[in-house]
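**Q** Have a peek at entry.cif (mmCIF, C-alpha atoms).
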```
data_target
loop_
_atom_site.label_atom_id
_atom_site.label_comp_id
_atom_site.auth_asym_id
_atom_site.auth_seq_id
_atom_site.Cartn_x
_atom_site.Cartn_y
_atom_site.Cartn_z
CA MET A 16 -53.57 89.82 -57.71
CA PHE A 17 -50.80 87.52 -58.94
CA LEU A 18 -49.40 87.19 -55.42
CA ARG A 19 -52.79 86.22 -54.04
CA ILE A 20 -53.28 83.55 -56.71
CA PHE A 21 -49.76 82.26 -56.10
CA PHE A 22 -50.33 82.12 -52.33
CA ALA A 23 -53.68 80.36 -52.86
CA ALA A 24 -51.94 77.80 -55.08
CA ILE A 25 -49.39 77.07 -52.32
CA VAL A 26 -52.17 76.62 -49.73
CA LEU A 27 -54.06 74.31 -52.09
CA CYS A 28 -50.91 72.30 -52.81
CA ASN A 29 -50.13 71.90 -49.11
CA SER A 30 -53.67 70.79 -48.28
CA LEU A 31 -53.53 68.19 -51.06
CA GLN A 32 -50.30 66.84 -49.61
CA ILE A 33 -51.92 66.54 -46.19
CA VAL A 34 -54.90 64.66 -47.65
CA ALA A 35 -52.57 62.33 -49.58
CA GLN A 36 -50.50 61.47 -46.51
CA PRO A 37 -50.74 57.66 -46.11
CA LYS A 38 -52.21 56.22 -42.92
CA ARG A 39 -50.81 53.41 -40.80
CA PHE A 40 -52.81 50.17 -40.82
CA SER A 41 -52.14 47.12 -38.66
CA PHE A 42 -53.70 43.65 -39.03
CA THR A 43 -53.08 40.51 -36.98
CA GLU A 44 -54.41 36.97 -37.32
CA SER A 45 -53.38 33.65 -35.82
CA LYS A 46 -51.43 31.59 -38.34
CA MET A 47 -49.33 28.46 -37.75
CA GLY A 48 -50.15 28.65 -34.06
CA SER A 49 -48.69 32.16 -33.62
CA PRO A 50 -49.65 35.79 -34.27
CA PHE A 51 -49.11 36.89 -37.87
CA SER A 52 -48.93 40.68 -38.14
CA ILE A 53 -48.90 43.00 -41.13
CA ILE A 54 -48.32 46.75 -40.79
CA PHE A 55 -48.31 49.06 -43.77
CA TYR A 56 -49.10 52.58 -44.95
CA CYS A 57 -51.96 53.16 -47.36
CA ASN A 58 -54.25 56.02 -48.42
CA ASP A 59 -57.54 54.16 -48.25
CA SER A 60 -58.98 52.01 -45.45
CA THR A 61 -61.11 49.87 -47.77
CA GLU A 62 -58.11 49.17 -49.96
CA ALA A 63 -56.01 48.40 -46.88
CA ARG A 64 -58.52 45.80 -45.67
CA ARG A 65 -58.63 44.19 -49.11
CA ILE A 66 -54.84 43.94 -49.26
CA ALA A 67 -54.66 42.51 -45.74
CA LYS A 68 -57.35 39.93 -46.55
CA GLN A 69 -55.47 38.84 -49.67
CA SER A 70 -52.21 38.68 -47.71
CA PHE A 71 -53.71 36.34 -45.11
CA ALA A 72 -55.31 34.23 -47.85
CA LEU A 73 -51.91 33.94 -49.51
CA THR A 74 -50.46 32.84 -46.19
CA ASP A 75 -53.13 30.15 -45.81
CA SER A 76 -52.32 28.83 -49.27
CA PHE A 77 -48.66 28.40 -48.31
CA VAL A 78 -49.55 26.78 -44.96
CA ALA A 79 -51.61 24.21 -46.89
CA ILE A 80 -48.44 23.38 -48.81
CA PHE A 81 -45.69 23.54 -46.17
CA SER A 82 -47.23 22.45 -42.85
CA ASP A 83 -46.11 19.15 -41.32
CA TYR A 84 -48.92 19.39 -38.75
CA ILE A 85 -51.67 19.05 -41.40
CA ASP A 86 -52.07 15.54 -42.84
CA SER A 87 -53.61 16.88 -46.05
CA SER A 88 -50.76 19.33 -46.76
CA GLU A 89 -48.57 18.83 -49.79
CA LEU A 90 -45.56 18.36 -47.52
CA SER A 91 -47.26 15.62 -45.48
CA LYS A 92 -48.33 13.82 -48.66
CA LEU A 93 -44.79 14.03 -50.01
CA SER A 94 -43.39 12.59 -46.77
CA ALA A 95 -45.99 9.79 -46.89
CA SER A 96 -44.75 8.83 -50.35
CA SER A 97 -41.28 7.94 -49.08
CA GLY A 98 -39.82 4.52 -49.83
CA THR A 99 -37.38 2.70 -52.10
CA ASN A 100 -40.10 1.83 -54.62
CA ALA A 101 -41.92 5.16 -54.42
CA LEU A 102 -42.80 6.88 -57.66
CA PRO A 103 -41.50 10.45 -58.17
CA VAL A 104 -43.99 13.08 -56.99
CA LYS A 105 -44.82 16.13 -59.09
CA VAL A 106 -44.67 19.11 -56.73
CA SER A 107 -46.15 22.60 -56.88
CA PRO A 108 -43.98 25.56 -57.95
CA ALA A 109 -43.88 26.83 -54.35
CA MET A 110 -42.79 23.44 -53.00
CA TRP A 111 -40.17 23.08 -55.71
CA ASP A 112 -38.84 26.56 -54.94
CA ILE A 113 -38.53 26.03 -51.19
CA LEU A 114 -36.96 22.58 -51.67
CA LEU A 115 -34.29 24.07 -53.94
CA GLN A 116 -33.63 26.86 -51.44
CA SER A 117 -33.40 24.22 -48.70
CA LYS A 118 -30.90 22.30 -50.80
CA LYS A 119 -28.75 25.41 -51.13
CA ALA A 120 -29.02 26.00 -47.38
CA TYR A 121 -27.96 22.40 -46.68
CA GLU A 122 -24.93 22.67 -48.96
CA LYS A 123 -23.82 26.12 -47.78
CA SER A 124 -24.17 25.20 -44.11
CA GLY A 125 -22.24 21.97 -44.44
CA GLY A 126 -25.28 19.95 -43.37
CA ALA A 127 -26.14 22.01 -40.28
CA PHE A 128 -29.45 22.95 -41.91
CA ASP A 129 -31.31 19.86 -43.08
CA ILE A 130 -35.06 19.66 -43.74
CA THR A 131 -34.98 15.82 -43.57
CA ILE A 132 -34.85 16.06 -39.74
CA GLY A 133 -38.62 15.47 -39.71
CA PRO A 134 -38.41 12.08 -37.91
CA LEU A 135 -36.19 13.64 -35.23
CA SER A 136 -38.52 16.62 -34.91
CA LYS A 137 -41.43 14.26 -34.32
CA LEU A 138 -39.45 12.26 -31.74
CA TRP A 139 -38.45 15.35 -29.76
CA ARG A 140 -41.90 16.97 -29.97
CA LYS A 141 -43.34 13.82 -28.41
CA ALA A 142 -40.61 13.87 -25.76
CA ARG A 143 -41.29 17.51 -24.83
CA LYS A 144 -45.02 16.90 -24.67
CA ALA A 145 -44.63 13.81 -22.48
CA LYS A 146 -41.72 15.38 -20.58
CA GLN A 147 -39.85 12.13 -21.07
CA PHE A 148 -36.32 12.16 -22.47
CA PRO A 149 -35.89 9.66 -25.36
CA ASP A 150 -33.44 6.80 -24.90
CA LYS A 151 -30.20 6.69 -26.88
CA ASP A 152 -31.29 3.79 -29.10
CA SER A 153 -34.43 5.65 -30.19
CA VAL A 154 -32.36 8.68 -31.23
CA ILE A 155 -29.85 6.53 -33.14
CA LYS A 156 -32.61 4.59 -34.93
CA THR A 157 -34.50 7.76 -35.84
CA LYS A 158 -31.36 9.52 -37.03
CA GLN A 159 -30.91 6.80 -39.68
CA LEU A 160 -33.93 8.23 -41.48
CA VAL A 161 -32.23 11.62 -41.84
CA GLY A 162 -30.07 12.72 -44.78
CA PHE A 163 -30.59 15.31 -47.52
CA ASN A 164 -28.83 13.03 -50.03
CA LYS A 165 -31.93 10.80 -49.79
CA ILE A 166 -34.02 13.44 -51.59
CA ILE A 167 -33.88 12.83 -55.33
CA PHE A 168 -34.62 15.79 -57.60
CA ASP A 169 -35.86 15.45 -61.16
CA THR A 170 -35.18 18.94 -62.49
CA ILE A 171 -36.65 18.23 -65.93
CA HIS A 172 -40.10 17.22 -64.70
CA GLN A 173 -40.01 19.11 -61.37
CA GLN A 174 -40.51 15.89 -59.45
CA VAL A 175 -39.16 14.70 -56.10
CA SER A 176 -38.56 11.27 -54.57
CA LEU A 177 -37.79 10.44 -50.94
CA ALA A 178 -35.60 7.36 -51.23
CA GLN A 179 -36.03 5.83 -47.76
CA ALA A 180 -39.26 4.67 -46.17
CA GLY A 181 -40.05 6.61 -43.01
CA MET A 182 -38.47 9.85 -44.18
CA ARG A 183 -40.26 13.01 -43.12
CA LEU A 184 -39.52 16.58 -44.18
CA ASP A 185 -39.67 19.51 -41.76
CA LEU A 186 -39.65 23.03 -43.21
CA GLY A 187 -39.88 24.67 -39.78
CA GLY A 188 -36.53 26.43 -40.14
CA ILE A 189 -37.30 28.09 -43.45
CA ALA A 190 -41.04 28.16 -44.24
CA GLN A 191 -42.04 31.05 -41.97
CA GLY A 192 -39.35 33.28 -43.45
CA TYR A 193 -40.35 32.16 -46.94
CA ILE A 194 -44.00 33.03 -46.30
CA ALA A 195 -43.11 36.42 -44.80
CA GLN A 196 -41.06 37.24 -47.89
CA LYS A 197 -43.83 36.15 -50.27
CA VAL A 198 -46.35 38.33 -48.44
CA MET A 199 -43.93 41.26 -48.64
CA ASP A 200 -43.49 40.61 -52.37
CA TYR A 201 -47.28 40.64 -52.78
CA LEU A 202 -47.56 43.96 -50.92
CA ALA A 203 -45.07 45.44 -53.37
CA THR A 204 -47.35 44.44 -56.29
CA GLN A 205 -50.13 46.41 -54.57
CA ASN A 206 -48.00 49.56 -54.49
CA ILE A 207 -47.42 49.26 -50.75
CA GLN A 208 -43.97 50.73 -50.28
CA GLN A 209 -43.75 50.99 -46.48
CA ALA A 210 -44.53 47.71 -44.74
CA LEU A 211 -43.55 45.26 -42.02
CA VAL A 212 -44.52 41.58 -42.02
CA ASN A 213 -43.98 39.62 -38.81
CA VAL A 214 -44.46 35.85 -38.89
CA SER A 215 -43.81 34.86 -35.27
CA GLY A 216 -40.47 36.68 -35.17
CA ASP A 217 -39.49 36.25 -38.82
CA ILE A 218 -39.68 39.87 -39.92
CA ALA A 219 -39.49 41.42 -43.38
CA VAL A 220 -39.59 45.19 -43.91
CA SER A 221 -39.70 47.43 -46.98
CA GLY A 222 -39.46 51.21 -46.99
CA ALA A 223 -39.14 53.13 -43.72
CA PRO A 224 -42.29 54.60 -42.15
CA PRO A 225 -42.93 58.33 -42.76
CA ALA A 226 -40.43 60.66 -41.05
CA SER A 227 -38.34 57.71 -39.90
CA ASP A 228 -34.97 56.17 -40.75
CA GLY A 229 -36.38 52.65 -40.56
CA TRP A 230 -38.56 50.17 -38.74
CA THR A 231 -37.57 49.68 -35.10
CA VAL A 232 -37.05 46.03 -34.14
CA GLY A 233 -36.08 44.81 -30.67
CA ILE A 234 -33.94 41.76 -29.87
CA ASN A 235 -34.68 39.42 -26.98
CA ILE A 236 -32.13 38.89 -24.26
CA PRO A 237 -31.12 35.19 -24.44
CA GLU A 238 -33.45 33.00 -22.38
CA GLU A 239 -35.81 35.94 -21.72
CA ALA A 240 -39.24 36.10 -23.34
CA ASP A 241 -40.13 39.70 -22.48
CA GLU A 242 -36.84 41.51 -21.90
CA LEU A 243 -35.14 43.24 -24.82
CA LEU A 244 -31.61 44.44 -25.33
CA PRO A 245 -31.35 48.23 -24.78
CA ARG A 246 -30.22 48.93 -28.33
CA LYS A 247 -32.66 48.45 -31.22
CA LEU A 248 -32.38 47.69 -34.91
CA GLN A 249 -33.37 50.32 -37.47
CA LEU A 250 -34.15 48.53 -40.71
CA HIS A 251 -35.56 49.17 -44.18
CA HIS A 252 -35.64 46.85 -47.20
CA LYS A 253 -34.22 44.04 -45.05
CA ALA A 254 -35.29 40.97 -43.11
CA VAL A 255 -34.40 39.84 -39.60
CA THR A 256 -34.90 36.62 -37.67
CA THR A 257 -33.90 35.59 -34.15
CA SER A 258 -33.53 31.92 -33.33
CA GLY A 259 -33.58 30.64 -29.75
CA ASP A 260 -35.20 28.20 -27.32
CA ILE A 261 -37.19 30.51 -25.05
CA TYR A 262 -40.38 28.48 -25.24
CA GLN A 263 -39.50 25.02 -26.55
CA PHE A 264 -37.01 22.82 -24.73
CA ILE A 265 -36.67 19.77 -22.49
CA GLU A 266 -34.42 19.36 -19.47
CA HIS A 267 -32.51 16.17 -18.64
CA ASP A 268 -29.69 15.50 -16.17
CA GLY A 269 -29.18 19.22 -15.58
CA LYS A 270 -28.98 20.04 -19.29
CA ARG A 271 -31.46 22.02 -21.35
CA TYR A 272 -32.08 20.61 -24.84
CA SER A 273 -33.45 23.08 -27.38
CA HIS A 274 -36.15 22.35 -29.99
CA ILE A 275 -33.45 23.22 -32.54
CA ILE A 276 -31.97 19.85 -33.50
CA ASP A 277 -28.49 19.27 -34.77
CA PRO A 278 -29.09 16.80 -37.64
CA ARG A 279 -25.52 15.57 -37.30
CA THR A 280 -26.03 14.35 -33.70
CA GLY A 281 -29.78 13.83 -33.50
CA TYR A 282 -30.03 15.86 -30.28
CA GLY A 283 -31.36 19.30 -29.47
CA LEU A 284 -28.82 22.03 -28.86
CA THR A 285 -27.57 22.49 -25.31
CA SER A 286 -25.93 25.89 -25.83
CA GLN A 287 -28.11 28.70 -24.51
CA ARG A 288 -27.82 30.96 -27.50
CA ASN A 289 -29.89 33.54 -29.35
CA VAL A 290 -28.90 34.15 -32.97
CA THR A 291 -30.17 37.23 -34.81
CA VAL A 292 -29.53 37.43 -38.55
CA ILE A 293 -30.19 40.40 -40.84
CA ALA A 294 -30.34 39.48 -44.52
CA SER A 295 -31.63 40.87 -47.80
CA ASP A 296 -34.61 38.48 -47.76
CA CYS A 297 -36.55 36.71 -45.03
CA THR A 298 -36.10 33.19 -46.41
CA SER A 299 -32.33 33.49 -46.05
CA ALA A 300 -32.57 35.19 -42.65
CA ASP A 301 -34.73 32.33 -41.35
CA TRP A 302 -32.55 29.38 -42.34
CA LEU A 303 -29.31 31.23 -41.60
CA ALA A 304 -30.47 31.88 -38.02
CA THR A 305 -31.20 28.17 -37.60
CA ALA A 306 -27.92 27.02 -39.14
CA CYS A 307 -25.87 29.55 -37.17
CA SER A 308 -27.47 28.31 -33.94
CA ILE A 309 -25.93 24.91 -34.68
CA LEU A 310 -22.55 25.90 -36.11
CA SER A 311 -19.59 27.14 -34.11
CA ILE A 312 -19.36 30.92 -33.86
CA LYS A 313 -16.39 30.97 -36.23
CA LYS A 314 -18.20 28.90 -38.88
CA ALA A 315 -21.41 30.89 -38.37
CA LYS A 316 -19.59 34.14 -39.15
CA LYS A 317 -18.10 32.64 -42.31
CA LEU A 318 -21.51 31.41 -43.43
CA VAL A 319 -23.35 34.75 -43.07
CA ALA A 320 -20.46 36.51 -44.83
CA GLN A 321 -21.22 34.47 -47.96
CA PHE A 322 -24.64 36.12 -48.10
CA SER A 323 -23.50 39.63 -47.08
CA ALA A 324 -25.71 39.15 -44.02
CA ALA A 325 -25.17 40.49 -40.50
CA MET A 326 -25.35 38.51 -37.27
CA LEU A 327 -25.46 38.94 -33.51
CA ILE A 328 -25.05 35.96 -31.18
CA GLY A 329 -25.97 36.31 -27.53
CA GLU A 330 -24.85 33.33 -25.47
CA ASN A 331 -25.39 32.53 -21.82
CA LYS A 332 -22.36 30.70 -20.45
CA LYS A 333 -22.40 29.75 -16.78
CA GLY A 334 -24.69 32.65 -15.98
CA LYS A 335 -22.64 35.20 -17.93
CA LEU A 336 -24.04 36.80 -21.07
CA ARG A 337 -21.57 37.15 -23.93
CA PHE A 338 -22.08 38.66 -27.37
CA TYR A 339 -20.43 37.95 -30.69
CA SER A 340 -21.23 39.83 -33.88
CA THR A 341 -20.12 40.36 -37.44
CA LYS A 342 -18.53 43.73 -38.17
CA ASN A 343 -21.48 44.90 -40.29
CA PHE A 344 -24.11 44.28 -37.59
CA ASN A 345 -23.58 47.65 -35.87
CA THR A 346 -24.56 49.43 -39.11
CA ASN A 347 -28.18 48.63 -38.29
CA TYR A 348 -27.90 48.69 -34.48
CA LYS A 349 -28.76 51.98 -32.76
#
```
Kindly return the structure encoded in the file as C-alpha cells.

**A**
Amino acid sequence: MFLRIFFAAIVLCNSLQIVAQPKRFSFTESKMGSPFSIIFYCNDSTEARRIAKQSFALTDSFVAIFSDYIDSSELSKLSASSGTNALPVKVSPAMWDILLQSKKAYEKSGGAFDITIGPLSKLWRKARKAKQFPDKDSVIKTKQLVGFNKIIFDTIHQQVSLAQAGMRLDLGGIAQGYIAQKVMDYLATQNIQQALVNVSGDIAVSGAPPASDGWTVGINIPEEADELLPRKLQLHHKAVTTSGDIYQFIEHDGKRYSHIIDPRTGYGLTSQRNVTVIASDCTSADWLATACSILSIKKAKKLVAQFSAAMLIGENKKGKLRFYSTKNFNTNYK
C-alpha cells in the first residue's frame, strides 16, 4: 500500500511539473520605424498579453521623450530651447539619466560618441533623402553647432541648458539600447526570468530559454542584410548590438558614406565595418557599438575593455573580409 501511495505521489508531482512548465510567447509591434519584438516565457496567456501591452506602453512613453522625429517630444523641445540667453530646462528623470549616460559615453570615447551631432544628422538625412552630397562649406558651418561642452548641467536642480542657438541633440546611438534595457528591467519586476527584447537589433536577454544554454543571436556579414556569419552567439543575462551601414548611406565620388557620423570630422564613416558589442546592459552595448565604429580598432579594443565588454569587428577592405575581436568574444561565440 505504501509503495502505491508513493508511486502515485511521484506521478502527481511529475504531472504538476508538466502543467507548470512555462510557455513561449512572442509579441511584435512597430516602434521607432522598426519592428520591436519581445519574447518571454510565462505560465499564463492572459498575463503574458498584459505584460506585453505594458512593455509596449512603456516603450511609447520613452519614445515621447527621446525621439528627434517628433516635434512634441521632450528632446525636440529641449533642442528648441537652445541659445545663449536660454533659461535652464527642467528635464524628466529619464531624460536626465540618458543625458548623464551620454556624458559618460562622450568622455570615455574621447569624443567619438557625441549626442550633440543633431545638426549634422539632420544635414545628412536630408542629403540621403535628396541623394545630393552636401558641399564642404555646409558641413563646416553645421559642425560649428556640435560640441558636448555646450551642454550645461545643473546637477542640483536637474536642469539642462544648450548654450548655442541651433544646437540639436540626437540620441539615436543610445536611446534604442536604453529602451530595450528598461523594458527588460520591467519584465524582471513581473517575475519574467527568461526573456529577449529586440529593438531593431539592440538586443537584451535575461535567463536562457528552457533546456538551453542561452539565446541564439546571429551576426550579419558586413554589408549584407540577410546573410549571417556561420557561428552564432549564445547569450544569457547580457546585451548585444551590431552597428553598421547596411541600409543608410550615401555614395559620392566612389566612396560610401555611412549614416554613422564622426562628430570630429562632420562626415559619415567611409570604412565598411560592422561592429558587434556584447555588454552587461543594452545601453552600454548600443553606444559602445557606435563609438567603436568611429574609433580605430586599437582604441576600440581599449574602450570596450574598460567596460568588461566583448567586441567583434568585421571589415570589408578592398573586397576582402577581415575580422578583429577582443579575446573574450569567443566565450559567447559558438

**Q** When the PyMOL selection byres ((chain A and resi 282) around 10) is applied to the structure above, which residues does it catch, written out as a tab-separated table (two decimals) with C-alpha atoms, keeping the file's coordinate frame?

**A**
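New file part20.tsv:
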```tsv
chain	number	residue	atom	x	y	z
A	135	LEU	CA	-36.19	13.64	-35.23
A	136	SER	CA	-38.52	16.62	-34.91
A	139	TRP	CA	-38.45	15.35	-29.76
A	149	PRO	CA	-35.89	9.66	-25.36
A	151	LYS	CA	-30.20	6.69	-26.88
A	154	VAL	CA	-32.36	8.68	-31.23
A	155	ILE	CA	-29.85	6.53	-33.14
A	158	LYS	CA	-31.36	9.52	-37.03
A	272	TYR	CA	-32.08	20.61	-24.84
A	273	SER	CA	-33.45	23.08	-27.38
A	274	HIS	CA	-36.15	22.35	-29.99
A	275	ILE	CA	-33.45	23.22	-32.54
A	276	ILE	CA	-31.97	19.85	-33.50
A	277	ASP	CA	-28.49	19.27	-34.77
A	278	PRO	CA	-29.09	16.80	-37.64
A	279	ARG	CA	-25.52	15.57	-37.30
A	280	THR	CA	-26.03	14.35	-33.70
A	281	GLY	CA	-29.78	13.83	-33.50
A	283	GLY	CA	-31.36	19.30	-29.47
A	284	LEU	CA	-28.82	22.03	-28.86
A	285	THR	CA	-27.57	22.49	-25.31
```

**Q** Could you list, as a list of chain:residue names, every residue within 9 Å of Ala79 in chain A, counting all atoms listed in the file and ignoring same-chain residues fewer than 6 positions away?

**A**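 Final neighbour list, sorted by chain and number: A:Ile85, A:Ser87, A:Ser88, A:Glu89, A:Leu90.
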
**Q** Using the chain letters and numbers from this file, what does the PyMOL selection byres ((chain A and resi 182) around 12) select? Give the answer as number ranges by chain.

**A** A: 90-99, 101, 130-137, 157-166, 176-181, 183-185

**Q** Might you spell out which residues the PyMOL selection byres ((chain A and resi 253) around 7) would select in the displayed file, as a compact mmCIF listing (two decimals) with C-alpha atoms, in the coordinates of the input?

**A**
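For reference, result.txt as written:
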```txt
# COMPACT_ATOMS: atom_id res chain seq x y z
CA ALA A 219 -39.49 41.42 -43.38
CA VAL A 220 -39.59 45.19 -43.91
CA SER A 221 -39.70 47.43 -46.98
CA LEU A 250 -34.15 48.53 -40.71
CA HIS A 251 -35.56 49.17 -44.18
CA HIS A 252 -35.64 46.85 -47.20
CA ALA A 254 -35.29 40.97 -43.11
CA VAL A 255 -34.40 39.84 -39.60
CA ILE A 293 -30.19 40.40 -40.84
CA ALA A 294 -30.34 39.48 -44.52
CA SER A 295 -31.63 40.87 -47.80
CA ASP A 296 -34.61 38.48 -47.76
```

**Q** Rounded to one decimal, what separation in Å do you get between CA of Lys141 in chain A and CA of Ser215 in chain A?

**A**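 Distance between the two atoms: 22.1 Å.
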
**Q** What's around Arg271 in chain A at 10 Å? Count all atoms listed in the file, leave out sequence neighbours fewer than 4 positions away in its own chain, and write the answer as an MDAnalysis selection string.

**A** chainID A and resid 260 264:267 283:287

**Q** Output the selection as a short mmCIF file (atom, residue, chain, number, x, y, z; two decimals), keeping the file's coordinate frame - C-alpha atoms for each residue.

**A**
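File written: again-v9.cif
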```
data_model
loop_
_atom_site.label_atom_id
_atom_site.label_comp_id
_atom_site.auth_asym_id
_atom_site.auth_seq_id
_atom_site.Cartn_x
_atom_site.Cartn_y
_atom_site.Cartn_z
CA ASP A 260 -35.20 28.20 -27.32
CA PHE A 264 -37.01 22.82 -24.73
CA ILE A 265 -36.67 19.77 -22.49
CA GLU A 266 -34.42 19.36 -19.47
CA HIS A 267 -32.51 16.17 -18.64
CA GLY A 283 -31.36 19.30 -29.47
CA LEU A 284 -28.82 22.03 -28.86
CA THR A 285 -27.57 22.49 -25.31
CA SER A 286 -25.93 25.89 -25.83
CA GLN A 287 -28.11 28.70 -24.51
#
```

**Q** Tell me, in Å to one decimal, how far CA of Ala195 in chain A is from CA of Val319 in chain A.

**A**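 So the two atoms, CA of Ala195 in chain A and CA of Val319 in chain A, lie 19.9 Å apart.
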
**Q** Tell me which residues come within 10 Å of (-46.2, 54.1, -47.6), as a PyMOL selection string, counting all atoms listed in the file in the file's coordinates.

**A** chain A and resi 36-39+55-58+206-210+221-225

**Q** Would you pick out the contacts of Ile194 in chain A at 9 Å or less, using only C-alpha atoms, so that residues sharing its chain but fewer than 5 positions from it are not included, and give the list as a ChimeraX atom specification?

**A** /A:73-74,77-78,189,199,214,297-298

**Q** So how far away is CA of Ser117 in chain A from CA of Phe81 in chain A, in Å?

**A**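 Taking CA of Phe81 in chain A and CA of Ser117 in chain A, their separation equals 12.6 Å.
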
**Q** Please identify all polymer residues within 10 Å of Gln116 in chain A, counting all atoms listed in the file, omitting same-chain residues fewer than 6 positions from it, and present them as a PyMOL selection string.

**A** chain A and resi 110+122+189+193+298-299+302

**Q** Identify, on the basis of only C-alpha atoms, every residue whose closest approach to Val212 in chain A does not exceed 6 Å; exclude the query and any residue fewer than 3 positions from it along the same chain; express the result as a list in words.

**A**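 Everything that qualifies: Ser52, Ile53, Ile218 and Ala219 of chain A.
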
**Q** Point out the residue among A:Asn213, A:Ile66, A:Ala142, A:Ser60 with the least atom-to-atom distance to Thr43 in chain A, counting all atoms listed in the file.

**A**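 Ranked by minimum distance to Thr43 in chain A, first place goes to A:Asn213.
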
**Q** Measuring between only C-alpha atoms, which one of A:Thr61, A:Ser49, A:Gln174, A:Ser124 shows the shortest distance to Pro103 in chain A?

**A**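 Residue with the minimum atom-to-atom distance to Pro103 in chain A: A:Gln174.
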
**Q** Choose the residue, out of A:Ala72, A:Leu211, A:Leu303, A:Leu318, that has the smallest atom-to-atom separation from Gly188 in chain A; count all atoms listed in the file.

**A** A:Leu303
